[in-house]
Amino acid sequence: MNEPSKGSAKTIKLAERRVFSQSFKPLYQEGMGLVEQAAEYLDGKGRLEAKKLSRTAATLYAAESMRLTTRLMQVASWLLLQRAANSGEMTRDQVASEKSKVRLDTASAHDEALGWSELPKDFLDLVSRSLRLQALVKRMDEEIYGGAMNDTPAATRRANPVSDQISLLNTKSEAKRS
């Protein structure tokens, strides 16, 4: 789909050109590959490694696993929408309407969280790679479609230790109920 943006016809947006050309394929493959790698890890090696963690680290692992999965599913949704637009299956307006349901702001507890240093290296690598990919996709989305997708920036939420602790407590109480 090579129609120009609704902005100035003279301005070339690099992100838009990347998404609506063959150079989108590597980004799409990277994103979907990361989804697959995370699923394999969480269902296999990650499950075994999580059993060896302290209670605090296991709780953090469970919460961060949910964030990782959510983040990757949102990025995958965005990538699928762009692929549909790129192949002509959807119009730009249809994509804009559907992408309003996609959130590219899933935060992470990061290394300040209690138990973070105990988390498995492979898991932390997946979290880091997913955050980088989410940031790239979010920047591209903002350049292509304009404006921020959500009201509260992820950096603001990420820097809130109270919110992180509440999230951990909720995860602990859910785990006890199971």
# chains A, B, ... in the order shown; residues from 1 in each chain; ligands from 1
call {"tool": "closest_atom_pairs", "arguments": {"of": "region 38-149 of chain A", "to": "region 23-33 of chain A", "cutoff": "9 Å", "atoms": "only C-alpha atoms", "output": "JSON lines"}}
result
{"residue": "A:Ala38", "atom": "CA", "partner": "A:Gly33", "partner_atom": "CA", "distance": 8.6}
{"residue": "A:Leu72", "atom": "CA", "partner": "A:Gly31", "partner_atom": "CA", "distance": 7.8}
{"residue": "A:Val75", "atom": "CA", "partner": "A:Gly31", "partner_atom": "CA", "distance": 7.2}
{"residue": "A:Ala76", "atom": "CA", "partner": "A:Gly31", "partner_atom": "CA", "distance": 6.5}
{"residue": "A:Leu79", "atom": "CA", "partner": "A:Tyr28", "partner_atom": "CA", "distance": 6.0}
{"residue": "A:Leu80", "atom": "CA", "partner": "A:Tyr28", "partner_atom": "CA", "distance": 8.0}
{"residue": "A:Gln82", "atom": "CA", "partner": "A:Phe24", "partner_atom": "CA", "distance": 8.7}
{"residue": "A:Arg83", "atom": "CA", "partner": "A:Tyr28", "partner_atom": "CA", "distance": 7.9}
{"residue": "A:Asn86", "atom": "CA", "partner": "A:Phe24", "partner_atom": "CA", "distance": 8.6}
{"residue": "A:Ser130", "atom": "CA", "partner": "A:Gly31", "partner_atom": "CA", "distance": 8.4}
{"residue": "A:Leu133", "atom": "CA", "partner": "A:Gly31", "partner_atom": "CA", "distance": 7.2}
call {"tool": "residues_around", "arguments": {"residues": "Asp122 (chain A)", "least_positions_apart": "5", "cutoff": "10 Å", "atoms": "only C-alpha atoms", "output": "number ranges by chain"}}
result
A: 38, 41, 45-46, 49, 127-128
call {"tool": "residues_around", "arguments": {"residues": "Thr69 (chain A)", "least_positions_apart": "3", "cutoff": "9 Å", "atoms": "only C-alpha atoms", "output": "list in words"}}
result
Val35, Ala38, Ala39, Glu64, Ser65, Met66, Leu72, Met73 and Gln74 of chain A
call {"tool": "closest_residue", "arguments": {"among": "A:Leu114, A:Leu131, A:Leu126, A:Leu136", "to": "Thr59 (chain A)", "atoms": "only C-alpha atoms"}}
result
A:Leu114
call {"tool": "select_by_dssp", "arguments": {"residues": "region 21-165 of chain A", "states": "alpha helix (DSSP H)", "output": "PyMOL selection string"}}
result
chain A and resi 24-43+45-50+55-86+92-99+121-145+154-158+161-165
call {"tool": "closest_residue", "arguments": {"among": "A:Pro120, A:Gly115, A:Gly88, A:Gly146", "to": "Leu42 (chain A)", "atoms": "only C-alpha atoms"}}
result
A:Pro120
call {"tool": "closest_residue", "arguments": {"among": "A:Leu60, A:Ala84, A:Ala96, A:Glu143", "to": "Glu112 (chain A)", "atoms": "only C-alpha atoms"}}
result
A:Leu60
call {"tool": "atom_distance", "arguments": {"atom1": "CA of Leu81 (chain A)", "atom2": "CA of Ile144 (chain A)"}}
result
13.1 Å
call {"tool": "atom_distance", "arguments": {"atom1": "CA of Asp125 (chain A)", "atom2": "CA of Ser100 (chain A)"}}
result
28.8 Å
call {"tool": "decode", "arguments": {"residues": "region 89-121 of chain A", "atoms": "N, CA and C atoms", "output": "mmCIF file, in the first residue's frame"}}
result
data_model
loop_
_atom_site.group_PDB
_atom_site.id
_atom_site.type_symbol
_atom_site.label_atom_id
_atom_site.label_comp_id
_atom_site.auth_asym_id
_atom_site.auth_seq_id
_atom_site.Cartn_x
_atom_site.Cartn_y
_atom_site.Cartn_z
ATOM 1 N N GLU A 89 -4.976 -6.190 1.893
ATOM 2 C CA GLU A 89 -6.135 -6.859 2.488
ATOM 3 C C GLU A 89 -6.995 -5.891 3.297
ATOM 4 N N MET A 90 -6.378 -4.814 3.779
ATOM 5 C CA MET A 90 -7.089 -3.804 4.565
ATOM 6 C C MET A 90 -6.686 -2.423 4.064
ATOM 7 N N THR A 91 -7.600 -1.477 4.185
ATOM 8 C CA THR A 91 -7.279 -0.098 3.839
ATOM 9 C C THR A 91 -6.604 0.563 5.036
ATOM 10 N N ARG A 92 -6.019 1.718 4.798
ATOM 11 C CA ARG A 92 -5.371 2.465 5.867
ATOM 12 C C ARG A 92 -6.381 2.810 6.959
ATOM 13 N N ASP A 93 -7.615 3.181 6.567
ATOM 14 C CA ASP A 93 -8.652 3.509 7.548
ATOM 15 C C ASP A 93 -9.048 2.296 8.385
ATOM 16 N N GLN A 94 -9.136 1.122 7.744
ATOM 17 C CA GLN A 94 -9.468 -0.093 8.487
ATOM 18 C C GLN A 94 -8.374 -0.419 9.499
ATOM 19 N N VAL A 95 -7.138 -0.278 9.083
ATOM 20 C CA VAL A 95 -6.007 -0.535 9.986
ATOM 21 C C VAL A 95 -6.045 0.440 11.154
ATOM 22 N N ALA A 96 -6.268 1.716 10.856
ATOM 23 C CA ALA A 96 -6.316 2.730 11.919
ATOM 24 C C ALA A 96 -7.419 2.407 12.921
ATOM 25 N N SER A 97 -8.553 1.951 12.424
ATOM 26 C CA SER A 97 -9.664 1.595 13.307
ATOM 27 C C SER A 97 -9.317 0.393 14.183
ATOM 28 N N GLU A 98 -8.755 -0.630 13.594
ATOM 29 C CA GLU A 98 -8.407 -1.842 14.342
ATOM 30 C C GLU A 98 -7.232 -1.625 15.282
ATOM 31 N N LYS A 99 -6.262 -0.831 14.863
ATOM 32 C CA LYS A 99 -5.071 -0.644 15.695
ATOM 33 C C LYS A 99 -5.362 0.176 16.941
ATOM 34 N N SER A 100 -6.521 0.819 16.980
ATOM 35 C CA SER A 100 -6.887 1.553 18.197
ATOM 36 C C SER A 100 -7.077 0.596 19.375
ATOM 37 N N LYS A 101 -7.237 -0.686 19.090
ATOM 38 C CA LYS A 101 -7.381 -1.703 20.134
ATOM 39 C C LYS A 101 -6.027 -2.229 20.615
ATOM 40 N N VAL A 102 -4.975 -1.887 19.895
ATOM 41 C CA VAL A 102 -3.631 -2.377 20.209
ATOM 42 C C VAL A 102 -2.948 -1.405 21.158
ATOM 43 N N ARG A 103 -2.359 -1.952 22.213
ATOM 44 C CA ARG A 103 -1.631 -1.134 23.188
ATOM 45 C C ARG A 103 -0.151 -1.477 23.105
ATOM 46 N N LEU A 104 0.651 -0.465 22.857
ATOM 47 C CA LEU A 104 2.101 -0.661 22.763
ATOM 48 C C LEU A 104 2.801 0.006 23.942
ATOM 49 N N ASP A 105 2.273 -0.263 25.137
ATOM 50 C CA ASP A 105 2.829 0.386 26.321
ATOM 51 C C ASP A 105 2.976 -0.562 27.509
ATOM 52 N N THR A 106 3.088 -1.848 27.247
ATOM 53 C CA THR A 106 3.225 -2.799 28.341
ATOM 54 C C THR A 106 4.589 -2.624 28.997
ATOM 55 N N ALA A 107 4.571 -2.198 30.232
ATOM 56 C CA ALA A 107 5.799 -1.892 30.974
ATOM 57 C C ALA A 107 6.449 -3.173 31.505
ATOM 58 N N SER A 108 7.573 -2.995 32.142
ATOM 59 C CA SER A 108 8.299 -4.085 32.785
ATOM 60 C C SER A 108 8.726 -3.620 34.164
ATOM 61 N N ALA A 109 8.853 -4.561 35.086
ATOM 62 C CA ALA A 109 9.292 -4.207 36.443
ATOM 63 C C ALA A 109 10.742 -3.728 36.431
ATOM 64 N N HIS A 110 11.541 -4.234 35.553
ATOM 65 C CA HIS A 110 12.963 -3.902 35.408
ATOM 66 C C HIS A 110 13.778 -4.305 36.630
ATOM 67 N N ASP A 111 15.048 -3.973 36.548
ATOM 68 C CA ASP A 111 16.002 -4.476 37.534
ATOM 69 C C ASP A 111 15.886 -3.866 38.916
ATOM 70 N N GLU A 112 14.982 -2.915 39.122
ATOM 71 C CA GLU A 112 14.792 -2.368 40.470
ATOM 72 C C GLU A 112 13.922 -3.291 41.325
ATOM 73 N N ALA A 113 13.194 -4.178 40.696
ATOM 74 C CA ALA A 113 12.238 -5.035 41.409
ATOM 75 C C ALA A 113 12.967 -6.087 42.247
ATOM 76 N N LEU A 114 12.410 -6.328 43.406
ATOM 77 C CA LEU A 114 12.947 -7.340 44.307
ATOM 78 C C LEU A 114 12.872 -8.703 43.623
ATOM 79 N N GLY A 115 13.994 -9.407 43.534
ATOM 80 C CA GLY A 115 14.039 -10.731 42.912
ATOM 81 C C GLY A 115 14.480 -10.704 41.462
ATOM 82 N N TRP A 116 14.630 -9.511 40.877
ATOM 83 C CA TRP A 116 14.993 -9.407 39.457
ATOM 84 C C TRP A 116 16.322 -10.105 39.165
ATOM 85 N N SER A 117 17.299 -9.937 40.049
ATOM 86 C CA SER A 117 18.630 -10.511 39.811
ATOM 87 C C SER A 117 18.613 -12.039 39.815
ATOM 88 N N GLU A 118 17.561 -12.645 40.382
ATOM 89 C CA GLU A 118 17.459 -14.107 40.402
ATOM 90 C C GLU A 118 16.834 -14.681 39.131
ATOM 91 N N LEU A 119 16.193 -13.834 38.326
ATOM 92 C CA LEU A 119 15.492 -14.334 37.143
ATOM 93 C C LEU A 119 16.483 -14.943 36.149
ATOM 94 N N PRO A 120 16.069 -15.989 35.454
ATOM 95 C CA PRO A 120 16.956 -16.658 34.492
ATOM 96 C C PRO A 120 17.421 -15.713 33.380
ATOM 97 N N LYS A 121 18.672 -15.893 32.980
ATOM 98 C CA LYS A 121 19.288 -15.052 31.962
ATOM 99 C C LYS A 121 18.515 -15.087 30.638
#
